[in-house]
$ cat protein_33.tsv   # TSV, C-alpha atoms
chain	number	residue	atom	x	y	z
A	1	MET	CA	-16.91	38.58	-25.48
A	2	LYS	CA	-13.70	36.80	-24.62
A	3	LYS	CA	-12.81	33.90	-26.91
A	4	VAL	CA	-10.95	31.04	-25.32
A	5	ALA	CA	-8.35	29.37	-27.50
A	6	GLY	CA	-9.67	26.17	-28.97
A	7	SER	CA	-13.33	26.98	-28.28
A	8	LYS	CA	-16.02	27.96	-30.74
A	9	SER	CA	-17.58	31.39	-30.62
A	10	THR	CA	-20.92	31.40	-28.81
A	11	THR	CA	-22.38	33.80	-31.40
A	12	SER	CA	-22.98	31.00	-33.92
A	13	LYS	CA	-26.63	30.01	-34.30
A	14	ALA	CA	-25.70	26.49	-35.36
A	15	ALA	CA	-26.60	23.78	-32.89
A	16	ALA	CA	-23.76	22.83	-30.60
A	17	LYS	CA	-22.37	19.33	-30.93
A	18	PRO	CA	-23.08	17.09	-27.95
A	19	ALA	CA	-20.15	16.59	-25.64
A	20	PRO	CA	-18.24	13.37	-26.34
A	21	LYS	CA	-19.04	10.48	-24.03
A	22	LYS	CA	-16.48	9.88	-21.35
A	23	LYS	CA	-14.63	6.61	-21.62
A	24	ALA	CA	-14.75	4.18	-18.74
A	25	PRO	CA	-11.53	4.04	-16.75
A	26	ALA	CA	-9.04	1.63	-18.22
A	27	LYS	CA	-8.68	-1.73	-16.53
A	28	PRO	CA	-5.31	-2.44	-14.92
A	29	ALA	CA	-2.78	-3.97	-17.29
A	30	ALA	CA	-2.11	-7.68	-17.05
A	31	GLY	CA	-0.19	-8.44	-13.90
A	32	LYS	CA	-1.29	-5.18	-12.26
A	33	THR	CA	-4.01	-4.84	-9.68
A	34	SER	CA	-6.39	-2.02	-8.98
A	35	THR	CA	-6.16	-0.58	-5.48
A	36	GLU	CA	-9.70	0.81	-5.57
A	37	GLY	CA	-11.46	-0.23	-2.37
A	38	ILE	CA	-8.26	-1.61	-0.82
A	39	ASP	CA	-7.55	-0.48	2.73
A	40	ARG	CA	-5.09	-3.17	3.79
A	41	TRP	CA	-1.45	-3.31	2.71
A	42	LEU	CA	1.86	-5.10	3.15
A	43	PHE	CA	5.09	-3.16	3.75
A	44	LYS	CA	8.39	-4.94	3.22
A	45	SER	CA	11.61	-3.98	4.93
A	46	GLU	CA	15.02	-5.54	5.36
A	47	PRO	CA	15.33	-5.97	9.13
A	48	ASP	CA	19.01	-5.00	9.15
A	49	VAL	CA	18.04	-1.65	7.57
A	50	PHE	CA	14.72	-0.93	9.32
A	51	SER	CA	13.15	-3.58	11.54
A	52	TRP	CA	9.80	-4.06	13.24
A	53	ASP	CA	11.46	-3.32	16.59
A	54	MET	CA	12.81	-0.02	15.21
A	55	LEU	CA	9.31	1.01	14.11
A	56	LYS	CA	7.87	0.09	17.52
A	57	LYS	CA	10.44	2.35	19.19
A	58	CYS	CA	9.10	5.28	17.11
A	59	GLY	CA	5.82	5.04	19.02
A	60	ARG	CA	2.69	6.84	17.78
A	61	LYS	CA	4.73	9.44	15.86
A	62	GLY	CA	5.63	6.65	13.45
A	63	GLU	CA	8.14	6.80	10.66
A	64	PRO	CA	7.97	7.81	6.98
A	65	TRP	CA	8.07	4.74	4.71
A	66	ASP	CA	10.72	6.44	2.60
A	67	GLY	CA	13.25	5.28	0.06
A	68	VAL	CA	10.77	3.39	-2.14
A	69	ARG	CA	11.87	3.73	-5.78
A	70	ASN	CA	9.31	1.65	-7.64
A	71	PHE	CA	6.41	3.39	-9.41
A	72	LEU	CA	3.81	0.71	-8.60
A	73	ALA	CA	4.80	0.72	-4.91
A	74	ARG	CA	4.68	4.53	-4.90
A	75	ASN	CA	1.25	4.48	-6.50
A	76	ASN	CA	0.08	2.00	-3.87
A	77	MET	CA	1.14	4.49	-1.20
A	78	ARG	CA	-0.69	7.29	-3.03
A	79	ALA	CA	-3.87	5.17	-2.77
A	80	MET	CA	-3.56	4.81	1.02
A	81	LYS	CA	-5.77	6.66	3.45
A	82	LYS	CA	-5.11	7.65	7.04
A	83	GLY	CA	-6.24	4.76	9.23
A	84	ASP	CA	-5.49	2.03	6.67
A	85	LEU	CA	-3.77	-0.98	8.20
A	86	GLY	CA	-0.93	-3.09	6.87
A	87	PHE	CA	1.36	-5.98	7.58
A	88	PHE	CA	5.03	-5.38	8.39
A	89	TYR	CA	7.11	-7.99	6.56
A	90	HIS	CA	10.78	-8.72	7.18
A	91	SER	CA	12.38	-9.47	3.81
A	92	ASN	CA	15.72	-11.16	3.16
A	93	GLU	CA	16.23	-12.18	6.81
A	94	GLY	CA	13.36	-14.06	8.42
A	95	LYS	CA	10.99	-13.63	5.46
A	96	GLU	CA	7.95	-13.32	7.69
A	97	ILE	CA	5.06	-11.04	8.57
A	98	VAL	CA	5.78	-9.88	12.10
A	99	GLY	CA	3.42	-7.01	12.89
A	100	ILE	CA	0.54	-4.69	12.05
A	101	VAL	CA	1.04	-1.03	11.08
A	102	GLU	CA	-1.35	1.89	10.62
A	103	VAL	CA	-1.03	4.64	8.03
A	104	ILE	CA	-0.96	7.80	10.16
A	105	LYS	CA	-0.11	10.28	7.39
A	106	GLU	CA	-1.19	9.97	3.77
A	107	ALA	CA	1.18	10.31	0.80
A	108	HIS	CA	3.62	13.20	1.15
A	109	PRO	CA	7.01	14.05	-0.39
A	110	ASP	CA	9.69	11.48	0.41
A	111	PRO	CA	12.23	13.29	2.62
A	112	LYS	CA	15.05	11.28	1.00
A	113	ASP	CA	14.14	12.38	-2.56
A	114	ASP	CA	15.60	15.50	-4.17
A	115	THR	CA	13.74	15.02	-7.49
A	116	GLY	CA	10.23	15.57	-6.13
A	117	LYS	CA	8.75	12.56	-7.94
A	118	TRP	CA	8.74	10.11	-5.03
A	119	GLN	CA	6.28	10.04	-2.18
A	120	CYS	CA	5.83	8.04	0.98
A	121	VAL	CA	3.33	7.53	3.78
A	122	THR	CA	4.03	7.59	7.49
A	123	VAL	CA	3.23	4.43	9.44
A	124	ALA	CA	3.15	3.52	13.11
A	125	ALA	CA	3.31	0.12	14.79
A	126	VAL	CA	-0.05	-1.16	16.07
A	127	ALA	CA	0.45	-4.76	17.21
A	128	ASP	CA	2.85	-7.67	17.13
A	129	LEU	CA	1.71	-10.76	15.28
A	130	PRO	CA	1.74	-13.39	18.08
A	131	LYS	CA	2.94	-16.04	15.62
A	132	PRO	CA	4.91	-14.60	12.69
A	133	VAL	CA	3.64	-15.86	9.32
A	134	THR	CA	6.53	-16.99	7.15
A	135	LEU	CA	6.70	-16.69	3.37
A	136	ALA	CA	6.83	-20.51	3.23
A	137	ASP	CA	3.59	-20.71	5.26
A	138	ALA	CA	1.90	-18.16	2.97
A	139	LYS	CA	3.01	-20.07	-0.15
A	140	ALA	CA	1.73	-23.34	1.33
A	141	ASN	CA	-1.75	-21.88	2.01
A	142	ASP	CA	-4.11	-22.18	-0.98
A	143	LYS	CA	-6.17	-19.24	0.35
A	144	LEU	CA	-3.11	-17.01	-0.19
A	145	SER	CA	-2.09	-18.32	-3.63
A	146	LYS	CA	-3.04	-15.02	-5.32
A	147	MET	CA	-1.61	-12.75	-2.61
A	148	SER	CA	0.94	-10.25	-3.94
A	149	LEU	CA	3.45	-11.49	-1.36
A	150	VAL	CA	3.36	-14.87	-3.13
A	151	THR	CA	3.01	-13.66	-6.74
A	152	SER	CA	4.97	-10.36	-6.76
A	153	MET	CA	7.61	-10.99	-4.17
A	154	ARG	CA	9.87	-8.07	-5.14
A	155	LEU	CA	7.24	-5.34	-4.78
A	156	SER	CA	7.94	-3.48	-1.52
A	157	VAL	CA	4.44	-2.05	-0.90
A	158	GLN	CA	1.55	-4.31	-1.84
A	159	PRO	CA	-2.25	-4.34	-1.61
A	160	VAL	CA	-3.87	-7.03	0.54
A	161	THR	CA	-7.46	-8.20	0.04
A	162	THR	CA	-9.83	-8.58	2.98
A	163	ALA	CA	-9.81	-12.38	2.59
A	164	GLU	CA	-5.97	-12.43	2.58
A	165	TRP	CA	-5.87	-10.07	5.56
A	166	ASN	CA	-8.21	-12.26	7.61
A	167	GLU	CA	-6.34	-15.47	6.68
A	168	VAL	CA	-2.92	-14.07	7.61
A	169	LEU	CA	-4.33	-12.77	10.91
A	170	ARG	CA	-5.84	-16.21	11.60
A	171	MET	CA	-2.49	-17.87	10.85
A	172	GLY	CA	-0.71	-15.31	13.05
A	173	GLY	CA	-3.05	-15.74	16.01
A	174	LEU	CA	-4.91	-12.39	15.84
A	175	ASP	CA	-8.66	-11.83	15.65
A	176	PRO	CA	-9.47	-9.53	12.69
A	177	LYS	CA	-12.24	-7.89	14.77
A	178	ALA	CA	-9.61	-6.78	17.29
A	179	LEU	CA	-7.98	-4.68	14.55
A	180	SER	CA	-10.98	-2.82	13.15
A	181	LYS	CA	-10.16	0.42	11.35
A	182	LYS	CA	-9.95	3.44	13.60
$ encode --input "protein_33.tsv" --output "structure tokens"
Amino acid sequence: MKKVAGSKSTTSKAAAKPAPKKKAPAKPAAGKTSTEGIDRWLFKSEPDVFSWDMLKKCGRKGEPWDGVRNFLARNNMRAMKKGDLGFFYHSNEGKEIVGIVEVIKEAHPDPKDDTGKWQCVTVAAVADLPKPVTLADAKANDKLSKMSLVTSMRLSVQPVTTAEWNEVLRMGGLDPKALSKK
């Protein structure tokens, strides 16, 4: 009989102790949100570095959302599934949600990272927002008061709840039913 390090021999006639109960998963720390069940996101980009128009020119092949160097943003990308939708937000200049993207490739190594600890997803443009939704408009809307865009402005990849998604689409002139998951 092979004995595995750290295990008790199976030849003992003493009753085995019951396995310890598994602990429930820890709740997110204060200020953090769980991404369980989230399938809508917000991606922020400086338009002078990578704009909505640049992503649209990539067509259905999309573009890796690379260069993210924040652990929470990286973990948000790890939680994404192919087919998830997101808002494309122009930060710094414009400060507005201008389009809808689709995750077309789940988390994979960031091509701009030599350390191997960073990942990214690949996204493709889906639709323009007919009326861009500015940060000021989002802050002025009580229905969006808890949205990460309003509360965690520096985070570059953020979860979006269904209620927030539908409200931003309403403000931007798009019917949420027109953007059902593929």
$ residues_around --input "protein_33.tsv" --residues "region 160-168 of chain A" --least-positions-apart "5" --cutoff "6 Å" --atoms "only C-alpha atoms" --output "ChimeraX atom specification"
/A:40-41,176
$ atom_distance --input "protein_33.tsv" --atom1 "CA of Gly94 (chain A)" --atom2 "CA of Asp53 (chain A)"
13.6 Å
$ residues_around --input "protein_33.tsv" --residues "region 57-61 of chain A" --least-positions-apart "3" --cutoff "9 Å" --atoms "only C-alpha atoms" --output "CSV table (one decimal) with C-alpha atoms, keeping the file's coordinate frame"
chain,number,residue,atom,x,y,z
A,52,TRP,CA,9.8,-4.1,13.2
A,53,ASP,CA,11.5,-3.3,16.6
A,54,MET,CA,12.8,0.0,15.2
A,104,ILE,CA,-1.0,7.8,10.2
A,122,THR,CA,4.0,7.6,7.5
A,123,VAL,CA,3.2,4.4,9.4
A,124,ALA,CA,3.2,3.5,13.1
A,125,ALA,CA,3.3,0.1,14.8
A,126,VAL,CA,0.0,-1.2,16.1
$ atom_distance --input "protein_33.tsv" --atom1 "CA of Asp128 (chain A)" --atom2 "CA of Ser156 (chain A)"
19.8 Å
$ closest_residue --input "protein_33.tsv" --among "A:Lys56, A:Lys131, A:Lys117, A:His108" --to "Lys81 (chain A)" --atoms "only C-alpha atoms"
A:His108
$ atom_distance --input "protein_33.tsv" --atom1 "CA of Ile97 (chain A)" --atom2 "CA of Leu129 (chain A)"
7.5 Å
$ closest_residue --input "protein_33.tsv" --among "A:Tyr89, A:Trp65, A:Lys82, A:Lys146" --to "Asp110 (chain A)" --atoms "only C-alpha atoms"
A:Trp65
$ closest_residue --input "protein_33.tsv" --among "A:Glu63, A:Arg170, A:Met153, A:Phe43" --to "Phe87 (chain A)" --atoms "all atoms listed in the file"
A:Phe43
